[in-house]
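Report on the following structure.
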2 protein chains.
Amino acid sequence: MKLLSGAIAAVDHGGSLGRASALFPHAPRPFVDLSTGINPHSYPLFDLPATALSRLPEAGQLRELAEIAASAYGAPSAAHVAAAPGTQILLPRVASLVRSGKALVLGPTYAEHARAAAIAGHAVAEVSDFDALGEADLAVLVNPNNPDGRVIEKARLLDLAARLRAKSGLLVVDEAFMDVGPIEQSLAGDVGAGGIVVLRSFGKFFGLAGVRLGFALTDPLTAERLDAQLGPWAVAGPALEYGIRALSDAGWQEDMRVRLASDAKRLDALLGKCGVPISGGTSLFRYVSFNDSPSLFSALGECGVLVRHFAERLQVLRIGLPGSEAEWQRLEGALATWAARRKDAPKEFGQ
Amino acid sequence: MKLLSGAIAAVDHGGSLGRASALFPHAPRPFVDLSTGINPHSYPLFDLPATALSRLPEAGQLRELAEIAASAYGAPSAAHVAAAPGTQILLPRVASLVRSGKALVLGPTYAEHARAAAIAGHAVAEVSDFDALGEADLAVLVNPNNPDGRVIEKARLLDLAARLRAKSGLLVVDEAFMDVGPIEQSLAGDVGAGGIVVLRSFGKFFGLAGVRLGFALTDPLTAERLDAQLGPWAVAGPALEYGIRALSDAGWQEDMRVRLASDAKRLDALLGKCGVPISGGTSLFRYVSFNDSPSLFSALGECGVLVRHFAERLQVLRIGLPGSEAEWQRLEGALATWAARRKDAPKEFGQ
């Protein structure tokens, strides 16, 4: 168990081109940004009505979004949905739903969960054993996990939720990457029992991270408490427009799942060909854990291909999907450069 | 002093066309919406770069926005600025900056302040006397006030802030309508002393309420605490783009202040001609307080002109500015209808 009491400080994240430029000032531009798990094939952009920017968001439109989100994610009803300007801003609010106590985060995982629980006043620790979560007042896990893709089965989650509920605790399951499955392990349909918050992220799967839209699926009373914290007009006009259209477009979603699975296989083949072993992931990113990760990170970065590394676990990388064919070519070229250098200098780079 | 302990329930607001349709089902459409204080002449819309929607907002862009906001609003530096997806979502976070205690709101005013303070765990009361605010742990006022436009002088605010600061209290000044003055009474430049939060709203003056952008101006430590609560990427891509461009466009702002002042005078003349007395307001709305407000509200509504009424103060109306010439004509026609009816039936409508 790793104590995280000092975890309120800001966390490093992928997806910053400013940071990429500072790390690799001589890299060819533009950067190929594979440092996030955001879908590079965004939902088709469309012209927003002027009123989406000029007028206050309408309550009726927010209700429509909640209904569509409940249907798309499999929550029991719109009353089980709280919509927010991104999942991120929900984290401290969700962590504050239970009295300050012991928060356990199943890790390693997305670092903001520990930070949010600390902000909410909990004593936070990271545990690597799922069964240890039963000791928590607030238990948090990401399913499938970021960055390694580990999946916890629904039956085990429901058991844990029941244990926590019995002592007025809370289970938070961040399903930020559940859009690409395995959907049969989602708890979205089970939130009515209480003591569960499922988080769903709009921006990742729909490739619209700038729009800022996320959801808490939970029992109606808890959804109301979250709504009260967010206040009216929390979701911006553009997020309402894109959320309503994209979440109700089941055809696009189904096609995209197939496409991303195929792209992920292509990425596996490319990495495998260059001697990079795949240790896990989802269809939106692959997880790499081997001794040569630091040299791979640097070599790709110098070629202008940015992947995600982790300051405290140097052997780990997360690699997102290239978008255009040109991006695939640049990744392939960068990987080949690294592989050739590694072959020529086995002592320096090791195996 | 009016106790507001049950104030957590949702509050009625202007700006909902759904609500307007329910109230006035037979009114000609579209509604002329004068129920908000939002500028009908929005900052010119422009095409957003696709990355504003597809990518995570960049930290560098957020810093740029904070610098521009500090300059536009007159805060000491970017470190004194916390940017948020609308001022509304900041209210409970700001109210939570002080330990649960006694919150006093100078009223009548924008109802969400009392609700936010109650959510934050304070015992909330509304006071009508400015001097009573000194008894609070958390004192909240809107300057200029919504809906009556009352202005509290800066010297009195600074005295109050010093009193509150001495006992670790907090003064919150919501300057949502300070863009149209009187700017010499703004506390934006004085937040460095500590114990003060000034709230500024982007959407009202720039006519872009759907974008969701608001600011807390405060001492750097408090700004950091608010930033930590909001987390990274709190401000959406479109809000960053519009905020940076519009807040740095001093020419547009200056021209708009002149235009709004002129429009407000035109509104005064129109209302006066029809026998509606003006009791206060700002250049973004006028405040009406007389016995015939209920009949005026209904008559305008039946003509498809929506103004803001207040459930608990029936004699009060807030009337925003029409935008297009057609909207001015519809307001004039609706007012004439009401005035004629009133003249013909003096007993029914009274004086």
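Naming scheme: A, B, ... for chains in displayed order of the structure tokens; residues 1 onward per chain; ligands 1 onward as shown.
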
Report as an MDAnalysis selection string all protein, DNA and RNA residues lying within 9 Å of range 329-332 of chain B, evaluated on only C-alpha atoms, omitting residues in the same chain fewer than 5 positions from it.
chainID B and resid 32 270:271 274 300 303:305 322 324 337

At a cut-off of 9 Å, using only C-alpha atoms, what residues contact range 182-192 of chain A? Leave out same-chain residues fewer than 5 positions from it and give the result as a PyMOL selection string.
chain A and resi 70+73-76+80+143-144+151-155+157-158+173+175+197-199+217-220

Could you pull out the residues in range 207-273 of chain B that DSSP calls helix (DSSP H, G or I) from the backbone, as a compact mmCIF listing (two decimals) with all heavy atoms, in the first residue's frame?
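Dumped to part-v7.txt:
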```txt
# COMPACT_ATOMS: atom_id res chain seq x y z
N ALA B 209 -23.30 33.54 -23.58
CA ALA B 209 -23.61 32.79 -22.35
C ALA B 209 -23.50 31.28 -22.53
O ALA B 209 -23.29 30.55 -21.57
CB ALA B 209 -25.02 33.15 -21.87
N GLY B 210 -23.65 30.80 -23.78
CA GLY B 210 -23.57 29.36 -24.02
C GLY B 210 -22.17 28.80 -23.97
O GLY B 210 -21.96 27.60 -23.82
N VAL B 211 -21.17 29.69 -24.09
CA VAL B 211 -19.77 29.28 -24.11
C VAL B 211 -19.32 28.76 -22.74
O VAL B 211 -18.48 27.89 -22.64
CB VAL B 211 -18.90 30.47 -24.59
CG1 VAL B 211 -17.45 30.31 -24.20
CG2 VAL B 211 -19.04 30.61 -26.11
N PRO B 220 -3.27 34.89 -4.89
CA PRO B 220 -2.74 33.73 -5.61
C PRO B 220 -2.96 32.39 -4.91
O PRO B 220 -3.24 31.38 -5.56
CB PRO B 220 -1.24 34.06 -5.74
CG PRO B 220 -1.19 35.55 -5.77
CD PRO B 220 -2.27 35.98 -4.81
N LEU B 221 -2.87 32.35 -3.58
CA LEU B 221 -3.06 31.09 -2.87
C LEU B 221 -4.49 30.58 -3.04
O LEU B 221 -4.73 29.39 -3.27
CB LEU B 221 -2.74 31.29 -1.38
CG LEU B 221 -2.31 30.04 -0.63
CD1 LEU B 221 -0.98 29.53 -1.15
CD2 LEU B 221 -2.20 30.34 0.87
N THR B 222 -5.44 31.50 -2.93
CA THR B 222 -6.85 31.12 -3.09
C THR B 222 -7.13 30.72 -4.54
O THR B 222 -7.88 29.78 -4.80
CB THR B 222 -7.77 32.28 -2.65
OG1 THR B 222 -7.42 32.64 -1.31
CG2 THR B 222 -9.22 31.88 -2.70
N ALA B 223 -6.51 31.44 -5.49
CA ALA B 223 -6.68 31.07 -6.90
C ALA B 223 -6.18 29.65 -7.14
O ALA B 223 -6.81 28.87 -7.86
CB ALA B 223 -5.95 32.07 -7.79
N GLU B 224 -5.06 29.30 -6.52
CA GLU B 224 -4.52 27.94 -6.64
C GLU B 224 -5.48 26.91 -6.05
O GLU B 224 -5.66 25.82 -6.61
CB GLU B 224 -3.19 27.84 -5.90
CG GLU B 224 -2.00 27.81 -6.81
CD GLU B 224 -0.71 27.65 -6.01
OE1 GLU B 224 -0.65 26.77 -5.14
OE2 GLU B 224 0.23 28.44 -6.24
N ARG B 225 -6.07 27.25 -4.90
CA ARG B 225 -7.02 26.32 -4.29
C ARG B 225 -8.22 26.08 -5.20
O ARG B 225 -8.70 24.96 -5.34
CB ARG B 225 -7.51 26.85 -2.93
CG ARG B 225 -6.50 26.72 -1.81
CD ARG B 225 -7.02 27.33 -0.52
NE ARG B 225 -8.15 26.59 0.05
CZ ARG B 225 -8.90 27.03 1.06
NH1 ARG B 225 -8.65 28.21 1.60
NH2 ARG B 225 -9.89 26.30 1.52
N LEU B 226 -8.71 27.15 -5.82
CA LEU B 226 -9.83 27.00 -6.74
C LEU B 226 -9.42 26.19 -7.98
O LEU B 226 -10.16 25.31 -8.43
CB LEU B 226 -10.38 28.37 -7.14
CG LEU B 226 -11.08 29.14 -6.01
CD1 LEU B 226 -11.41 30.56 -6.46
CD2 LEU B 226 -12.36 28.42 -5.57
N ASP B 227 -8.24 26.49 -8.51
CA ASP B 227 -7.75 25.73 -9.66
C ASP B 227 -7.67 24.24 -9.35
O ASP B 227 -8.00 23.39 -10.19
CB ASP B 227 -6.35 26.23 -10.07
CG ASP B 227 -6.41 27.53 -10.87
OD1 ASP B 227 -7.49 27.86 -11.41
OD2 ASP B 227 -5.38 28.23 -10.95
N ALA B 228 -7.22 23.92 -8.14
CA ALA B 228 -7.09 22.51 -7.75
C ALA B 228 -8.46 21.83 -7.72
O ALA B 228 -8.61 20.67 -8.10
CB ALA B 228 -6.41 22.38 -6.39
N GLN B 229 -9.48 22.56 -7.27
CA GLN B 229 -10.83 22.00 -7.23
C GLN B 229 -11.37 21.77 -8.65
O GLN B 229 -12.09 20.81 -8.90
CB GLN B 229 -11.78 22.96 -6.49
CG GLN B 229 -11.53 23.04 -5.00
CD GLN B 229 -12.17 21.90 -4.24
OE1 GLN B 229 -12.96 21.13 -4.78
NE2 GLN B 229 -11.83 21.77 -2.97
N LEU B 230 -11.04 22.67 -9.54
CA LEU B 230 -11.56 22.57 -10.91
C LEU B 230 -10.81 21.54 -11.73
O LEU B 230 -11.36 20.92 -12.63
CB LEU B 230 -11.48 23.94 -11.60
CG LEU B 230 -12.29 25.06 -10.94
CD1 LEU B 230 -11.90 26.41 -11.53
CD2 LEU B 230 -13.79 24.81 -11.11
N GLY B 237 -12.35 24.12 -25.00
CA GLY B 237 -11.66 24.71 -26.13
C GLY B 237 -12.36 25.94 -26.71
O GLY B 237 -11.73 26.99 -26.88
N PRO B 238 -13.68 25.86 -27.00
CA PRO B 238 -14.36 27.05 -27.53
C PRO B 238 -14.29 28.23 -26.57
O PRO B 238 -14.14 29.38 -27.00
CB PRO B 238 -15.81 26.56 -27.71
CG PRO B 238 -15.69 25.08 -27.92
CD PRO B 238 -14.54 24.65 -27.03
N ALA B 239 -14.41 27.99 -25.27
CA ALA B 239 -14.35 29.08 -24.29
C ALA B 239 -12.96 29.71 -24.27
O ALA B 239 -12.82 30.93 -24.14
CB ALA B 239 -14.73 28.56 -22.91
N LEU B 240 -11.91 28.89 -24.40
CA LEU B 240 -10.55 29.44 -24.47
C LEU B 240 -10.40 30.34 -25.70
O LEU B 240 -9.87 31.45 -25.62
CB LEU B 240 -9.52 28.30 -24.54
CG LEU B 240 -9.25 27.53 -23.24
CD1 LEU B 240 -8.41 26.29 -23.53
CD2 LEU B 240 -8.54 28.42 -22.22
N GLU B 241 -10.88 29.86 -26.83
CA GLU B 241 -10.73 30.62 -28.08
C GLU B 241 -11.47 31.95 -28.00
O GLU B 241 -10.93 33.01 -28.33
CB GLU B 241 -11.26 29.81 -29.27
CG GLU B 241 -10.51 28.52 -29.55
CD GLU B 241 -9.17 28.77 -30.24
OE1 GLU B 241 -8.99 29.83 -30.87
OE2 GLU B 241 -8.29 27.88 -30.14
N TYR B 242 -12.73 31.90 -27.57
CA TYR B 242 -13.52 33.14 -27.50
C TYR B 242 -13.02 34.05 -26.39
O TYR B 242 -12.97 35.27 -26.54
CB TYR B 242 -15.01 32.83 -27.33
CG TYR B 242 -15.69 32.62 -28.67
CD1 TYR B 242 -15.91 31.35 -29.16
CD2 TYR B 242 -16.07 33.72 -29.45
CE1 TYR B 242 -16.51 31.16 -30.40
CE2 TYR B 242 -16.66 33.54 -30.68
CZ TYR B 242 -16.89 32.26 -31.15
OH TYR B 242 -17.47 32.10 -32.38
N GLY B 243 -12.64 33.45 -25.26
CA GLY B 243 -12.17 34.27 -24.15
C GLY B 243 -10.92 35.04 -24.51
O GLY B 243 -10.82 36.26 -24.25
N ILE B 244 -9.96 34.36 -25.11
CA ILE B 244 -8.70 35.01 -25.47
C ILE B 244 -8.94 36.13 -26.48
O ILE B 244 -8.43 37.25 -26.35
CB ILE B 244 -7.69 33.97 -26.00
CG1 ILE B 244 -7.18 33.11 -24.84
CG2 ILE B 244 -6.55 34.64 -26.75
CD1 ILE B 244 -6.36 31.91 -25.25
N ARG B 245 -9.74 35.84 -27.49
CA ARG B 245 -9.94 36.85 -28.53
C ARG B 245 -10.76 38.04 -28.03
O ARG B 245 -10.40 39.20 -28.25
CB ARG B 245 -10.60 36.23 -29.77
CG ARG B 245 -10.56 37.21 -30.95
CD ARG B 245 -11.11 36.69 -32.25
NE ARG B 245 -10.45 35.50 -32.77
CZ ARG B 245 -10.63 35.06 -34.02
NH1 ARG B 245 -11.40 35.74 -34.86
NH2 ARG B 245 -10.04 33.97 -34.43
N ALA B 246 -11.86 37.76 -27.35
CA ALA B 246 -12.78 38.84 -26.98
C ALA B 246 -12.24 39.70 -25.84
O ALA B 246 -12.37 40.93 -25.86
CB ALA B 246 -14.15 38.26 -26.61
N LEU B 247 -11.61 39.06 -24.85
CA LEU B 247 -11.11 39.84 -23.71
C LEU B 247 -9.92 40.72 -24.11
O LEU B 247 -9.63 41.72 -23.44
CB LEU B 247 -10.72 38.91 -22.56
CG LEU B 247 -11.88 38.37 -21.72
CD1 LEU B 247 -11.41 37.26 -20.79
CD2 LEU B 247 -12.56 39.49 -20.92
N ALA B 250 -9.96 45.32 -26.83
CA ALA B 250 -10.37 46.49 -26.05
C ALA B 250 -11.25 47.43 -26.87
O ALA B 250 -12.15 48.08 -26.33
CB ALA B 250 -9.14 47.23 -25.52
N GLY B 251 -11.02 47.49 -28.16
CA GLY B 251 -11.80 48.37 -29.03
C GLY B 251 -13.27 47.96 -29.05
O GLY B 251 -14.17 48.80 -28.88
N TRP B 252 -13.49 46.66 -29.25
CA TRP B 252 -14.88 46.17 -29.26
C TRP B 252 -15.55 46.47 -27.93
O TRP B 252 -16.69 46.91 -27.89
CB TRP B 252 -14.90 44.66 -29.54
CG TRP B 252 -16.29 44.10 -29.70
CD1 TRP B 252 -17.00 43.99 -30.85
CD2 TRP B 252 -17.14 43.60 -28.64
NE1 TRP B 252 -18.24 43.44 -30.59
CE2 TRP B 252 -18.36 43.19 -29.25
CE3 TRP B 252 -17.00 43.46 -27.27
CZ2 TRP B 252 -19.41 42.64 -28.51
CZ3 TRP B 252 -18.05 42.92 -26.53
CH2 TRP B 252 -19.25 42.52 -27.15
N GLN B 253 -14.82 46.24 -26.84
CA GLN B 253 -15.40 46.45 -25.51
C GLN B 253 -15.81 47.91 -25.31
O GLN B 253 -16.90 48.21 -24.80
CB GLN B 253 -14.40 46.02 -24.43
CG GLN B 253 -14.11 44.52 -24.43
CD GLN B 253 -12.90 44.15 -23.58
OE1 GLN B 253 -12.71 44.68 -22.49
NE2 GLN B 253 -12.07 43.25 -24.09
N GLU B 254 -14.93 48.83 -25.75
CA GLU B 254 -15.22 50.25 -25.56
C GLU B 254 -16.43 50.66 -26.39
O GLU B 254 -17.35 51.33 -25.89
CB GLU B 254 -13.97 51.07 -25.95
CG GLU B 254 -13.93 52.44 -25.33
CD GLU B 254 -14.38 52.43 -23.86
OE1 GLU B 254 -13.76 51.74 -23.03
OE2 GLU B 254 -15.39 53.11 -23.58
N ASP B 255 -16.44 50.23 -27.66
CA ASP B 255 -17.58 50.55 -28.52
C ASP B 255 -18.87 49.97 -27.95
O ASP B 255 -19.94 50.61 -28.01
CB ASP B 255 -17.36 49.98 -29.93
CG ASP B 255 -16.23 50.69 -30.67
OD1 ASP B 255 -15.77 51.75 -30.17
OD2 ASP B 255 -15.79 50.18 -31.71
N MET B 256 -18.78 48.77 -27.42
CA MET B 256 -19.99 48.10 -26.92
C MET B 256 -20.55 48.81 -25.69
O MET B 256 -21.77 48.92 -25.53
CB MET B 256 -19.68 46.63 -26.62
CG MET B 256 -20.89 45.81 -26.23
SD MET B 256 -22.32 45.94 -27.37
CE MET B 256 -21.64 45.21 -28.87
N ARG B 257 -19.65 49.31 -24.85
CA ARG B 257 -20.14 50.05 -23.67
C ARG B 257 -20.96 51.27 -24.10
O ARG B 257 -22.02 51.56 -23.53
CB ARG B 257 -18.96 50.49 -22.79
CG ARG B 257 -18.42 49.38 -21.94
CD ARG B 257 -17.35 49.82 -20.96
NE ARG B 257 -16.71 48.61 -20.45
CZ ARG B 257 -15.54 48.12 -20.86
NH1 ARG B 257 -14.83 48.77 -21.75
NH2 ARG B 257 -15.08 47.00 -20.36
N VAL B 258 -20.47 51.96 -25.12
CA VAL B 258 -21.18 53.13 -25.63
C VAL B 258 -22.53 52.71 -26.22
O VAL B 258 -23.58 53.31 -25.94
CB VAL B 258 -20.32 53.86 -26.70
CG1 VAL B 258 -21.11 54.98 -27.36
CG2 VAL B 258 -19.03 54.38 -26.06
N ARG B 259 -22.50 51.65 -27.01
CA ARG B 259 -23.73 51.18 -27.66
C ARG B 259 -24.78 50.75 -26.64
O ARG B 259 -25.97 51.07 -26.77
CB ARG B 259 -23.38 50.02 -28.59
CG ARG B 259 -24.59 49.44 -29.28
CD ARG B 259 -24.21 48.36 -30.28
NE ARG B 259 -25.39 47.96 -31.03
CZ ARG B 259 -25.38 47.06 -32.01
NH1 ARG B 259 -24.24 46.49 -32.36
NH2 ARG B 259 -26.49 46.74 -32.64
N LEU B 260 -24.34 50.01 -25.61
CA LEU B 260 -25.29 49.52 -24.61
C LEU B 260 -25.88 50.67 -23.80
O LEU B 260 -27.07 50.67 -23.47
CB LEU B 260 -24.61 48.50 -23.68
CG LEU B 260 -24.23 47.17 -24.34
CD1 LEU B 260 -23.38 46.32 -23.40
CD2 LEU B 260 -25.47 46.39 -24.78
N ALA B 261 -25.04 51.67 -23.50
CA ALA B 261 -25.55 52.83 -22.76
C ALA B 261 -26.62 53.54 -23.58
O ALA B 261 -27.66 53.97 -23.06
CB ALA B 261 -24.40 53.77 -22.42
N SER B 262 -26.38 53.63 -24.88
CA SER B 262 -27.34 54.28 -25.77
C SER B 262 -28.62 53.45 -25.88
O SER B 262 -29.74 53.97 -25.81
CB SER B 262 -26.66 54.48 -27.13
OG SER B 262 -27.61 54.56 -28.16
N ASP B 263 -28.47 52.12 -26.00
CA ASP B 263 -29.64 51.24 -26.06
C ASP B 263 -30.46 51.33 -24.76
O ASP B 263 -31.70 51.30 -24.79
CB ASP B 263 -29.21 49.78 -26.28
CG ASP B 263 -28.84 49.49 -27.73
OD1 ASP B 263 -28.85 50.44 -28.55
OD2 ASP B 263 -28.53 48.33 -28.04
N ALA B 264 -29.75 51.41 -23.64
CA ALA B 264 -30.46 51.48 -22.35
C ALA B 264 -31.27 52.77 -22.26
O ALA B 264 -32.40 52.78 -21.75
CB ALA B 264 -29.47 51.38 -21.20
N LYS B 265 -30.71 53.86 -22.80
CA LYS B 265 -31.46 55.13 -22.82
C LYS B 265 -32.70 55.02 -23.69
O LYS B 265 -33.77 55.54 -23.37
CB LYS B 265 -30.56 56.26 -23.33
CG LYS B 265 -29.72 56.86 -22.23
CD LYS B 265 -29.06 58.17 -22.65
CE LYS B 265 -28.13 58.63 -21.54
NZ LYS B 265 -26.92 59.25 -22.06
N ARG B 266 -32.53 54.35 -24.83
CA ARG B 266 -33.67 54.15 -25.73
C ARG B 266 -34.77 53.34 -25.03
O ARG B 266 -35.96 53.65 -25.15
CB ARG B 266 -33.20 53.43 -26.99
CG ARG B 266 -34.30 53.16 -27.98
CD ARG B 266 -33.78 52.53 -29.27
NE ARG B 266 -34.88 52.18 -30.16
CZ ARG B 266 -34.73 51.54 -31.32
NH1 ARG B 266 -33.52 51.20 -31.74
NH2 ARG B 266 -35.78 51.25 -32.06
N LEU B 267 -34.35 52.33 -24.28
CA LEU B 267 -35.32 51.51 -23.54
C LEU B 267 -36.03 52.35 -22.48
O LEU B 267 -37.26 52.26 -22.33
CB LEU B 267 -34.60 50.32 -22.90
CG LEU B 267 -35.47 49.32 -22.12
CD1 LEU B 267 -36.57 48.72 -23.01
CD2 LEU B 267 -34.62 48.20 -21.54
N ASP B 268 -35.26 53.19 -21.78
CA ASP B 268 -35.87 54.07 -20.78
C ASP B 268 -36.95 54.96 -21.40
O ASP B 268 -38.03 55.13 -20.85
CB ASP B 268 -34.80 54.96 -20.14
CG ASP B 268 -33.91 54.20 -19.18
OD1 ASP B 268 -34.20 53.02 -18.92
OD2 ASP B 268 -32.92 54.77 -18.71
N ALA B 269 -36.61 55.52 -22.57
CA ALA B 269 -37.54 56.43 -23.23
C ALA B 269 -38.82 55.70 -23.63
O ALA B 269 -39.94 56.19 -23.43
CB ALA B 269 -36.87 57.05 -24.46
N LEU B 270 -38.64 54.49 -24.16
CA LEU B 270 -39.78 53.69 -24.61
C LEU B 270 -40.67 53.31 -23.43
O LEU B 270 -41.91 53.43 -23.49
CB LEU B 270 -39.23 52.44 -25.30
CG LEU B 270 -40.20 51.53 -26.03
CD1 LEU B 270 -40.98 52.33 -27.07
CD2 LEU B 270 -39.42 50.40 -26.70
N LEU B 271 -40.05 52.88 -22.35
CA LEU B 271 -40.82 52.50 -21.16
C LEU B 271 -41.52 53.72 -20.57
O LEU B 271 -42.71 53.67 -20.20
CB LEU B 271 -39.91 51.84 -20.12
CG LEU B 271 -39.33 50.46 -20.50
CD1 LEU B 271 -38.23 50.05 -19.53
CD2 LEU B 271 -40.42 49.39 -20.55
N GLY B 272 -40.77 54.82 -20.51
CA GLY B 272 -41.34 56.04 -19.94
C GLY B 272 -42.54 56.53 -20.71
O GLY B 272 -43.57 56.93 -20.14
N LYS B 273 -42.45 56.46 -22.05
CA LYS B 273 -43.54 56.90 -22.92
C LYS B 273 -44.83 56.12 -22.64
O LYS B 273 -45.94 56.64 -22.76
CB LYS B 273 -43.12 56.69 -24.39
CG LYS B 273 -43.94 57.41 -25.41
CD LYS B 273 -43.42 57.17 -26.83
CE LYS B 273 -43.78 55.77 -27.31
NZ LYS B 273 -43.36 55.54 -28.72
```

Could you please write out, as number ranges by chain, every residue of range 90-169 of chain A that DSSP assigns to strand (DSSP E)?
A: 102-106, 123-127, 138-142

What are the nearest atom pairs, with distances in Å to one decimal, for all residues of chain A that come at most 8 Å from chain B, using only C-alpha atoms, set out by chain and rising residue number as JSON lines?
```
{"residue": "A:Ile8", "atom": "CA", "partner": "B:Ala228", "partner_atom": "CA", "distance": 7.7}
{"residue": "A:Ala10", "atom": "CA", "partner": "B:Ala228", "partner_atom": "CA", "distance": 7.5}
{"residue": "A:Gly15", "atom": "CA", "partner": "B:Leu56", "partner_atom": "CA", "distance": 6.6}
{"residue": "A:Ser16", "atom": "CA", "partner": "B:Glu58", "partner_atom": "CA", "distance": 6.0}
{"residue": "A:Leu17", "atom": "CA", "partner": "B:Glu58", "partner_atom": "CA", "distance": 7.5}
{"residue": "A:Gly18", "atom": "CA", "partner": "B:Gly60", "partner_atom": "CA", "distance": 6.7}
{"residue": "A:Ser42", "atom": "CA", "partner": "B:Ser54", "partner_atom": "CA", "distance": 6.5}
{"residue": "A:Leu45", "atom": "CA", "partner": "B:Ala50", "partner_atom": "CA", "distance": 7.7}
{"residue": "A:Ala50", "atom": "CA", "partner": "B:Leu45", "partner_atom": "CA", "distance": 7.7}
{"residue": "A:Thr51", "atom": "CA", "partner": "B:Gly210", "partner_atom": "CA", "distance": 7.4}
{"residue": "A:Ala52", "atom": "CA", "partner": "B:Gly210", "partner_atom": "CA", "distance": 5.5}
{"residue": "A:Leu53", "atom": "CA", "partner": "B:Gly210", "partner_atom": "CA", "distance": 4.2}
{"residue": "A:Ser54", "atom": "CA", "partner": "B:Leu208", "partner_atom": "CA", "distance": 4.0}
{"residue": "A:Arg55", "atom": "CA", "partner": "B:Gly210", "partner_atom": "CA", "distance": 5.1}
{"residue": "A:Leu56", "atom": "CA", "partner": "B:Gly210", "partner_atom": "CA", "distance": 4.8}
{"residue": "A:Pro57", "atom": "CA", "partner": "B:Gly210", "partner_atom": "CA", "distance": 5.6}
{"residue": "A:Glu58", "atom": "CA", "partner": "B:Ser16", "partner_atom": "CA", "distance": 6.0}
{"residue": "A:Ala59", "atom": "CA", "partner": "B:Ser16", "partner_atom": "CA", "distance": 7.3}
{"residue": "A:Gly60", "atom": "CA", "partner": "B:Gly18", "partner_atom": "CA", "distance": 6.7}
{"residue": "A:Pro85", "atom": "CA", "partner": "B:Ala234", "partner_atom": "CA", "distance": 7.2}
{"residue": "A:Gly86", "atom": "CA", "partner": "B:Ala234", "partner_atom": "CA", "distance": 7.4}
{"residue": "A:Gln88", "atom": "CA", "partner": "B:Gly231", "partner_atom": "CA", "distance": 6.4}
{"residue": "A:Ile89", "atom": "CA", "partner": "B:Leu230", "partner_atom": "CA", "distance": 5.3}
{"residue": "A:Pro92", "atom": "CA", "partner": "B:Gln229", "partner_atom": "CA", "distance": 6.7}
{"residue": "A:Ala116", "atom": "CA", "partner": "B:Gln229", "partner_atom": "CA", "distance": 7.8}
{"residue": "A:Ile119", "atom": "CA", "partner": "B:Gln229", "partner_atom": "CA", "distance": 7.3}
{"residue": "A:Gly203", "atom": "CA", "partner": "B:Ser54", "partner_atom": "CA", "distance": 7.8}
{"residue": "A:Gly207", "atom": "CA", "partner": "B:Ser54", "partner_atom": "CA", "distance": 5.6}
{"residue": "A:Leu208", "atom": "CA", "partner": "B:Ser54", "partner_atom": "CA", "distance": 4.0}
{"residue": "A:Ala209", "atom": "CA", "partner": "B:Leu56", "partner_atom": "CA", "distance": 4.9}
{"residue": "A:Gly210", "atom": "CA", "partner": "B:Leu53", "partner_atom": "CA", "distance": 4.2}
{"residue": "A:Val211", "atom": "CA", "partner": "B:Leu53", "partner_atom": "CA", "distance": 5.1}
{"residue": "A:Arg212", "atom": "CA", "partner": "B:Ala236", "partner_atom": "CA", "distance": 5.5}
{"residue": "A:Ala228", "atom": "CA", "partner": "B:Ala10", "partner_atom": "CA", "distance": 7.5}
{"residue": "A:Gln229", "atom": "CA", "partner": "B:Pro92", "partner_atom": "CA", "distance": 6.7}
{"residue": "A:Leu230", "atom": "CA", "partner": "B:Ile89", "partner_atom": "CA", "distance": 5.3}
{"residue": "A:Gly231", "atom": "CA", "partner": "B:Ile89", "partner_atom": "CA", "distance": 6.0}
{"residue": "A:Pro232", "atom": "CA", "partner": "B:Gln88", "partner_atom": "CA", "distance": 7.4}
{"residue": "A:Trp233", "atom": "CA", "partner": "B:Gln88", "partner_atom": "CA", "distance": 7.7}
{"residue": "A:Ala234", "atom": "CA", "partner": "B:Ile89", "partner_atom": "CA", "distance": 6.5}
{"residue": "A:Val235", "atom": "CA", "partner": "B:Arg212", "partner_atom": "CA", "distance": 7.8}
{"residue": "A:Ala236", "atom": "CA", "partner": "B:Gly210", "partner_atom": "CA", "distance": 5.4}
{"residue": "A:Gly237", "atom": "CA", "partner": "B:Gly210", "partner_atom": "CA", "distance": 4.7}
{"residue": "A:Pro238", "atom": "CA", "partner": "B:Val211", "partner_atom": "CA", "distance": 7.3}
```

Here is a test: counting only C-alpha atoms, which residue of A:Ala22, A:Ala136, A:Leu34, A:Ala336 is nearest to Arg318 in chain A?
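Nearest candidate to Arg318 in chain A out of A:Ala22, A:Ala136, A:Leu34, A:Ala336: A:Leu34.
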
Rounded to one decimal in Å, what is the spacing between CA of Gly149 in chain A and CA of Arg342 in chain A?
27.7 Å

Grab the CA of Leu321 in chain A to CA of Phe285 in chain A distance for me, in Å with one decimal place.
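Separation of CA of Leu321 in chain A and CA of Phe285 in chain A: 6.2 Å.
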
With only C-alpha atoms as the counted atoms, please give the residues lying no more than 8 Å from Val180 in chain A, apart from itself and same-chain residues fewer than 5 positions off, as a list in words.
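That gives Phe205, Arg257, Thr282, Ser283 and Leu284 of chain A.
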
Go ahead and write the selection's residues with C-alpha atoms as a JSON list (two decimals), in the first residue's frame.
```json
[["chain", "number", "residue", "atom", "x", "y", "z"],
["A", 205, "PHE", "CA", -14.28, 7.79, -27.66],
["A", 257, "ARG", "CA", -15.66, 0.35, -32.44],
["A", 282, "THR", "CA", -7.65, -1.05, -24.95],
["A", 283, "SER", "CA", -8.62, -0.31, -28.55],
["A", 284, "LEU", "CA", -7.81, 3.37, -27.85]]
```
